[in-house]
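Just work_31.tsv here, TSV, C-alpha atoms and all ligand atoms:
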```tsv
chain	number	residue	atom	x	y	z
Q	21	MET	CA	15.86	30.58	87.58
Q	22	ARG	CA	14.84	30.98	83.96
Q	23	PRO	CA	16.82	33.69	82.18
Q	24	THR	CA	14.86	36.86	81.41
Q	25	THR	CA	14.53	37.70	77.72
Q	26	ALA	CA	12.76	40.70	76.25
Q	27	ASP	CA	10.02	38.29	75.08
Q	28	SER	CA	9.60	36.49	78.41
Q	29	PHE	CA	9.45	39.82	80.23
Q	30	ALA	CA	6.89	41.20	77.75
Q	31	ALA	CA	4.76	38.06	78.12
Q	32	ALA	CA	4.81	38.23	81.93
Q	33	MET	CA	4.00	41.94	81.78
Q	34	SER	CA	1.12	41.36	79.42
Q	35	ASP	CA	-0.44	38.81	81.84
Q	36	ILE	CA	-0.01	41.23	84.74
Q	37	ARG	CA	-1.53	44.11	82.75
Q	38	ALA	CA	-4.57	41.96	81.92
Q	39	THR	CA	-5.08	41.12	85.61
Q	40	ILE	CA	-4.67	44.79	86.53
Q	41	ALA	CA	-7.19	45.90	83.89
Q	42	LYS	CA	-9.85	43.55	85.29
Q	43	ALA	CA	-9.16	44.51	88.90
Q	44	ALA	CA	-9.26	48.21	88.03
Q	45	GLU	CA	-12.61	47.82	86.28
Q	46	ARG	CA	-14.07	46.08	89.34
Q	47	SER	CA	-13.27	49.23	91.32
Q	48	GLY	CA	-14.59	51.61	88.66
Q	49	ARG	CA	-11.20	52.60	87.32
Q	50	LYS	CA	-9.15	51.96	84.20
Q	51	GLY	CA	-6.13	49.68	83.90
Q	52	SER	CA	-4.23	52.66	82.55
Q	53	ASP	CA	-4.63	54.36	85.96
Q	54	VAL	CA	-2.16	51.82	87.35
Q	55	GLU	CA	1.57	51.67	86.62
Q	56	VAL	CA	3.82	48.68	87.18
Q	57	VAL	CA	7.10	49.33	88.95
Q	58	ALA	CA	9.31	46.42	87.84
Q	59	VAL	CA	11.33	45.57	90.95
Q	60	SER	CA	14.82	44.81	89.69
Q	61	LYS	CA	16.62	44.43	93.04
Q	62	THR	CA	19.22	41.60	92.85
Q	63	VAL	CA	18.44	41.20	89.12
Q	64	PRO	CA	21.69	41.37	87.09
Q	65	GLY	CA	22.15	44.24	84.64
Q	66	ASP	CA	21.88	41.93	81.60
Q	67	ALA	CA	18.41	40.77	82.63
Q	68	VAL	CA	17.29	44.35	83.32
Q	69	ARG	CA	18.58	45.23	79.85
Q	70	GLU	CA	16.18	42.65	78.38
Q	71	ALA	CA	13.28	44.24	80.26
Q	72	LEU	CA	14.30	47.63	78.87
Q	73	LYS	CA	14.46	46.17	75.33
Q	74	SER	CA	10.85	45.07	75.74
Q	75	GLY	CA	9.97	48.74	76.19
Q	76	HIS	CA	9.40	48.91	79.95
Q	77	ARG	CA	10.82	52.01	81.63
Q	78	LEU	CA	9.66	52.12	85.27
Q	79	PHE	CA	11.79	50.22	87.78
Q	80	GLY	CA	12.24	49.90	91.53
Q	81	GLU	CA	15.39	49.20	93.54
Q	82	ASN	CA	15.63	48.76	97.29
Q	83	ARG	CA	19.31	49.60	97.86
Q	84	VAL	CA	21.00	52.85	96.89
Q	85	GLN	CA	24.40	51.20	96.43
Q	86	GLU	CA	23.09	48.51	94.09
Q	87	ALA	CA	21.20	51.08	92.01
Q	88	LYS	CA	24.31	53.22	91.82
Q	89	THR	CA	26.40	50.42	90.36
Q	90	LYS	CA	23.71	49.08	88.01
Q	91	TRP	CA	21.71	51.98	86.57
Q	92	PRO	CA	24.07	54.65	85.17
Q	93	ALA	CA	25.20	52.31	82.35
Q	94	LEU	CA	21.63	51.22	81.61
Q	95	ARG	CA	20.47	54.82	81.50
Q	96	GLU	CA	23.16	55.64	78.94
Q	97	ASP	CA	21.68	53.06	76.59
Q	98	PHE	CA	17.96	53.58	77.19
Q	99	SER	CA	16.15	56.91	77.46
Q	100	GLY	CA	13.09	57.66	79.53
Q	101	VAL	CA	13.96	55.41	82.46
Q	102	ARG	CA	12.24	56.23	85.75
Q	103	LEU	CA	13.67	54.73	88.91
Q	104	HIS	CA	11.92	54.41	92.29
Q	105	LEU	CA	13.66	53.80	95.61
Q	106	ILE	CA	11.49	51.29	97.48
Q	107	GLY	CA	13.86	50.32	100.30
Q	108	PRO	CA	14.81	52.08	103.55
Q	109	LEU	CA	17.02	55.15	103.14
Q	110	GLN	CA	19.79	56.04	105.59
Q	111	THR	CA	20.47	59.75	105.86
Q	112	ASN	CA	24.13	59.31	104.87
Q	113	LYS	CA	22.89	58.04	101.48
Q	114	THR	CA	20.38	60.83	100.87
Q	115	ALA	CA	22.63	62.71	98.43
Q	116	ASP	CA	23.07	59.62	96.25
Q	117	ALA	CA	19.38	58.80	96.46
Q	118	VAL	CA	18.27	62.29	95.41
Q	119	ALA	CA	20.76	62.21	92.52
Q	120	LEU	CA	19.75	58.75	91.27
Q	121	PHE	CA	16.06	58.28	91.84
Q	122	ASP	CA	12.97	59.85	90.25
Q	123	ALA	CA	10.90	58.88	93.26
Q	124	ILE	CA	11.71	58.05	96.88
Q	125	GLU	CA	8.90	55.89	98.24
Q	126	THR	CA	10.30	55.49	101.75
Q	127	VAL	CA	10.19	58.85	103.53
Q	128	ASP	CA	9.36	57.79	107.09
Q	129	ARG	CA	11.00	60.01	109.71
Q	130	GLU	CA	11.76	63.62	110.55
Q	131	LYS	CA	15.52	63.46	110.20
Q	132	LEU	CA	15.24	61.87	106.75
Q	133	ALA	CA	12.65	64.41	105.56
Q	134	ILE	CA	14.96	67.28	106.54
Q	135	SER	CA	17.94	65.62	104.88
Q	136	ILE	CA	15.98	65.05	101.64
Q	137	LYS	CA	14.84	68.68	101.58
Q	138	LYS	CA	18.41	69.88	101.98
Q	139	GLU	CA	19.69	67.67	99.15
Q	140	CYS	CA	16.81	68.56	96.82
Q	141	ASP	CA	17.62	72.24	97.24
Q	142	ARG	CA	21.37	71.69	96.93
Q	143	GLN	CA	21.09	69.55	93.78
Q	144	ASP	CA	18.04	71.38	92.42
Q	145	ARG	CA	16.31	68.03	91.92
Q	146	ARG	CA	12.69	67.25	92.77
Q	147	PRO	CA	12.14	63.49	93.01
Q	148	GLN	CA	8.55	62.52	93.73
Q	149	LEU	CA	8.19	61.78	97.44
Q	150	PHE	CA	6.09	59.08	99.10
Q	151	VAL	CA	5.61	58.56	102.81
Q	152	GLN	CA	5.98	54.92	103.82
Q	153	VAL	CA	3.39	53.85	106.39
Q	154	ASN	CA	4.08	50.82	108.61
Q	155	THR	CA	0.43	49.76	108.47
Q	156	GLY	CA	1.08	46.56	110.45
Q	157	GLU	CA	3.07	48.44	113.11
Q	158	GLU	CA	5.80	45.83	112.82
Q	159	PRO	CA	8.86	46.79	114.90
Q	160	GLN	CA	11.35	45.39	112.35
Q	161	LYS	CA	9.78	47.25	109.45
Q	162	ALA	CA	10.40	50.81	108.28
Q	163	GLY	CA	7.55	53.32	107.96
Q	164	ILE	CA	5.70	55.84	110.07
Q	165	PRO	CA	3.02	54.25	112.32
Q	166	PRO	CA	-0.49	54.78	110.93
Q	167	ASP	CA	-1.63	56.88	113.90
Q	168	ARG	CA	1.23	59.33	113.26
Q	169	ALA	CA	0.86	59.49	109.47
Q	170	ASP	CA	-1.44	62.56	109.25
Q	171	GLU	CA	0.74	64.56	111.61
Q	172	PHE	CA	3.96	63.53	109.81
Q	173	ILE	CA	2.59	64.35	106.34
Q	174	ALA	CA	1.37	67.75	107.54
Q	175	TRP	CA	4.73	68.43	109.17
Q	176	CYS	CA	6.68	67.46	106.02
Q	177	ARG	CA	4.51	69.82	104.00
Q	178	SER	CA	4.28	72.85	106.23
Q	179	GLU	CA	7.48	72.78	108.27
Q	180	VAL	CA	9.94	71.20	105.84
Q	181	GLY	CA	8.37	72.40	102.60
Q	182	LEU	CA	8.33	69.01	100.90
Q	183	THR	CA	5.74	68.02	98.32
Q	184	ILE	CA	4.35	64.67	99.45
Q	185	SER	CA	2.44	63.16	96.57
Q	186	GLY	CA	2.30	59.46	97.44
Q	187	LEU	CA	1.99	56.82	100.13
Q	188	MET	CA	3.55	53.37	100.24
Q	189	CYS	CA	3.06	50.29	102.44
Q	190	ILE	CA	4.24	46.70	102.74
Q	191	PRO	CA	1.64	44.64	104.61
Q	192	PRO	CA	2.78	42.00	107.14
Q	193	VAL	CA	3.34	38.66	105.38
Q	194	ASP	CA	0.92	36.73	107.55
Q	195	GLU	CA	-2.06	39.09	107.46
Q	196	GLU	CA	-4.90	39.81	105.07
Q	197	PRO	CA	-3.37	42.53	102.86
Q	198	ALA	CA	-6.76	44.09	101.99
Q	199	LEU	CA	-7.07	45.63	105.47
Q	200	HIS	CA	-3.69	47.30	105.07
Q	201	PHE	CA	-4.41	48.55	101.57
Q	202	ALA	CA	-7.74	50.01	102.70
Q	203	LEU	CA	-6.04	51.72	105.64
Q	204	LEU	CA	-3.42	53.27	103.34
Q	205	ALA	CA	-6.10	54.40	100.87
Q	206	ASN	CA	-7.96	56.13	103.72
Q	207	ILE	CA	-4.86	57.97	104.88
Q	208	ALA	CA	-4.27	59.08	101.28
Q	209	ARG	CA	-7.83	60.32	100.85
Q	210	ARG	CA	-7.90	62.47	103.95
Q	211	ASN	CA	-4.49	63.97	103.13
Q	212	ARG	CA	-5.36	64.62	99.47
Q	213	ILE	CA	-2.64	62.27	98.22
Q	214	LYS	CA	-3.13	60.74	94.77
Q	215	ALA	CA	-0.35	58.19	94.31
Q	216	LEU	CA	-0.72	54.89	96.16
Q	217	SER	CA	2.14	52.40	95.92
Q	218	MET	CA	0.80	49.11	97.20
Q	219	GLY	CA	0.72	45.50	96.04
Q	220	MET	CA	3.50	43.10	95.10
Q	221	SER	CA	3.57	39.84	93.05
Q	222	GLY	CA	1.34	37.99	95.52
Q	223	ASP	CA	-1.30	40.61	96.25
Q	224	TYR	CA	-1.33	43.27	93.53
Q	225	GLU	CA	-4.80	42.33	92.31
Q	226	THR	CA	-6.29	43.14	95.73
Q	227	ALA	CA	-4.22	46.32	95.90
Q	228	VAL	CA	-5.58	47.54	92.56
Q	229	GLU	CA	-9.15	46.82	93.67
Q	230	LEU	CA	-8.47	49.03	96.69
Q	231	GLY	CA	-7.02	51.94	94.73
Q	232	ALA	CA	-3.33	51.27	94.00
Q	233	THR	CA	-1.91	53.56	91.32
Q	234	LEU	CA	1.49	51.81	91.45
Q	235	VAL	CA	2.15	48.13	92.02
Q	236	ARG	CA	5.69	46.93	92.75
Q	237	ILE	CA	6.33	43.61	91.04
Q	238	GLY	CA	9.55	41.62	91.11
Q	239	THR	CA	9.14	37.84	91.20
Q	240	ALA	CA	6.23	37.67	88.75
Q	241	LEU	CA	8.33	39.50	86.16
Q	242	PHE	CA	11.90	38.34	86.71
Q	243	GLY	CA	11.41	34.99	88.52
Q	244	ALA	CA	12.42	34.09	92.07
Q	245	ARG	CA	15.29	35.99	93.66
Q	246	PRO	CA	18.18	34.27	95.42
Q	247	PRO	CA	17.77	34.46	99.21
Q	248	THR	CA	19.48	37.55	100.66
Q	249	ALA	CA	20.20	39.02	104.04
Q	250	PRO	CA	17.28	41.01	105.46
Q	251	VAL	CA	17.29	44.73	104.73
Q	252	LEU	CA	17.78	46.69	107.93
Q	253	LYS	CA	15.52	49.60	108.65
Q	254	GLY	CA	16.97	53.04	107.98
Q	301	LIG	C1	11.10	43.12	96.78
Q	301	LIG	C2	10.05	44.12	96.93
Q	301	LIG	C3	8.91	44.09	96.11
Q	301	LIG	C4	8.65	43.03	95.06
Q	301	LIG	O1	8.28	41.82	95.65
Q	301	LIG	P1	7.79	40.59	94.77
Q	301	LIG	O2	7.05	39.75	95.73
Q	301	LIG	O3	9.01	39.92	94.23
Q	301	LIG	O4	6.92	41.10	93.68
Q	301	LIG	C5	7.97	45.09	96.29
Q	301	LIG	N1	8.13	46.07	97.21
Q	301	LIG	C6	9.22	46.14	98.00
Q	301	LIG	C7	9.34	47.25	98.98
Q	301	LIG	C8	10.21	45.17	97.89
Q	301	LIG	O5	11.29	45.25	98.69
```

Would you mind giving the structure from this file in structure tokens?
Ligand SMILES: *Cc1c(COP(=O)(O)O)cnc(C)c1O
Amino acid sequence: MRPTTADSFAAAMSDIRATIAKAAERSGRKGSDVEVVAVSKTVPGDAVREALKSGHRLFGENRVQEAKTKWPALREDFSGVRLHLIGPLQTNKTADAVALFDAIETVDREKLAISIKKECDRQDRRPQLFVQVNTGEEPQKAGIPPDRADEFIAWCRSEVGLTISGLMCIPPVDEEPALHFALLANIARRNRIKALSMGMSGDYETAVELGATLVRIGTALFGARPPTAPVLKG
């Protein structure tokens, strides 16, 4: 894997931003309506430091423990960092997640919603909250099934008192992602949700055409990751 430098990261980002700008225009939006979450999972701290030197500030991690060991030092050296949790959250890690992250993109079940509310109140922190929708209804994947999404969002809002401002999905690898992005955009529209986190290195252009406001990009910025064990659902 090529080492990340501030220049190589900036060059990769600039290509991605150009692709996003064109895709956004095709859907009557502006490139500046879309933010890139640089997915730094498994990326060593030194490489993330280079990305930060290039000026980028929005990052995604999929494991609480990894973020906890990597990010406090980086945050001491760089101001304005925003960190999104994009992996499944177990309730026993909710306190750490609420303390560390500026957004939790993976709210997907009642017990977790209640636990997040409790920690937000206890710590007086208000991370932005996204509901993850399992648009492909894959049994091994986290997320609320699409036919329960409206009910779950309404319940989080009225019964738990959470502000749900975004939706997130990860389409099945072997299916046309556009169908899943369109489904997520529809759920967002009818629930008056503005933030849409969808699209990764391989499909972000399609996601932007269908309304993504956040794309989560790892490989296209940092290079290929070493193979890892699968992430278990929360
Ligand atoms: C790893 C990961 C990404 C980034 O995937 P790439 O294909 O490397 O861009 C995006 N979203 C989630 C939830 C991930 O776990």

Under the rule that only C-alpha atoms and all ligand atoms are counted, which of Q:Pro247, Q:Pro23, Q:Gly222, Q:Gly163 is the nearest residue to ligand LIG 301 (chain Q)? Q:Gly222

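The contact shell of ligand LIG 301 (chain Q), defined as all polymer residues within 6 Å when all atoms listed in the file are used, comprises Val59, Asn82, Ile106, Gly107, Met220, Ser221, Gly222, Arg236, Ile237, Gly238 and Thr239 of chain Q.
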
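Compared by their closest atoms to Thr24 of chain Q, and using all atoms listed in the file, the residues Q:Arg46, Q:Arg69, Q:Lys214, Q:Arg168 rank with Q:Arg69 nearest.
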
Just give me the gap between atom CA of Gly219 of chain Q and atom CA of Ala198 of chain Q in Å, one decimal is fine.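 Straight-line distance from atom CA of Gly219 of chain Q to atom CA of Ala198 of chain Q works out to 9.7 Å.
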
Env of Leu234 of chain Q: 8 Å cut, atoms = all atoms listed in the file, seq-sep filter 4 positions within chain, self excluded. Answer as a PyMOL selection string. chain Q and resi 54-57+215-219

Applying 10 Å and all atoms listed in the file, which residues near segment 171-173 of chain Q remain after dropping the ones on its own chain fewer than 6 positions away? List them as a ChimeraX atom specification. /Q:127-130,133,150-151,164-165,179,182-185,187,207,211,213

Identify, on the basis of only C-alpha atoms, every residue whose closest approach to Ser52 of chain Q does not exceed 9 Å; exclude the query and any residue fewer than 3 positions from it along the same chain; express the result as a list of chain:residue names. Q:Arg37, Q:Ile40, Q:Ala41, Q:Ala44, Q:Arg49, Q:Glu55

In Å, rounded to a single decimal, give me how far atom CA of Gly75 of chain Q is from atom CA of Arg95 of chain Q.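 Computed distance, atom CA of Arg95 of chain Q to atom CA of Gly75 of chain Q, equals 13.2 Å.
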
Proximity to Val118 of chain Q - best of Q:Arg102, Q:Arg177, Q:His76, Q:Arg145, only C-alpha atoms: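 The answer is Q:Arg145, which sits nearest to Val118 of chain Q.
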
Atomic separation - atom CA of Gly51 of chain Q relative to atom CA of Glu70 of chain Q, Å: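 Straight-line distance from atom CA of Glu70 of chain Q to atom CA of Gly51 of chain Q works out to 24.0 Å.
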
Which of these, Q:Ala30, Q:Ile36, Q:Ala174, Q:Asp144, has the shortest distance to Lys73 of chain Q once you count all atoms listed in the file?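 For Lys73 of chain Q, the nearest of the given residues is Q:Ala30.
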
Nearest residue to Leu78 of chain Q from the set Q:Ala162, Q:Gly65, Q:Val235, Q:Asp194 (distances using all atoms listed in the file): Q:Val235

Name the residues within 7 Å of (21.9, 63.8, 102.7), counting all atoms listed in the file in the file's coordinates, and put them as a list in words. Thr111, Asn112, Lys113, Thr114, Ala115, Ser135, Ile136 and Glu139 of chain Q

Which polymer residues have any atom within 9 Å of an atom of Arg245 of chain Q, counting all atoms listed in the file, with same-chain residues fewer than 2 positions away left out, as a list of chain:residue names?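 In the requested form, the answer reads Q:Met21, Q:Lys61, Q:Thr62, Q:Val63, Q:Gly238, Q:Thr239, Q:Phe242, Q:Gly243, Q:Pro247, Q:Thr248.
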
Might I get the box with edges along x, y and z of the file that holds all atoms of segment 134-146 of chain Q listed there, padded by 8 Å on every side, given as centre and edge lengths in Å to one decimal, as AutoDock Vina command-line options?
```
--center_x 17.0 --center_y 68.6 --center_z 99.2 --size_x 24.7 --size_y 23.2 --size_z 30.6
```

Considering all atoms listed in the file, state which residue in the set Q:Glu158, Q:His104, Q:Ser34, Q:Ser28 is at the smallest distance from Glu195 of chain Q.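 The answer is Q:Glu158, which sits nearest to Glu195 of chain Q.
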
Give as number ranges by chain each residue that has an atom at most 10 Å from (-1.5, 44.0, 107.5) in the file, counting only C-alpha atoms. Q: 154-158, 189-203
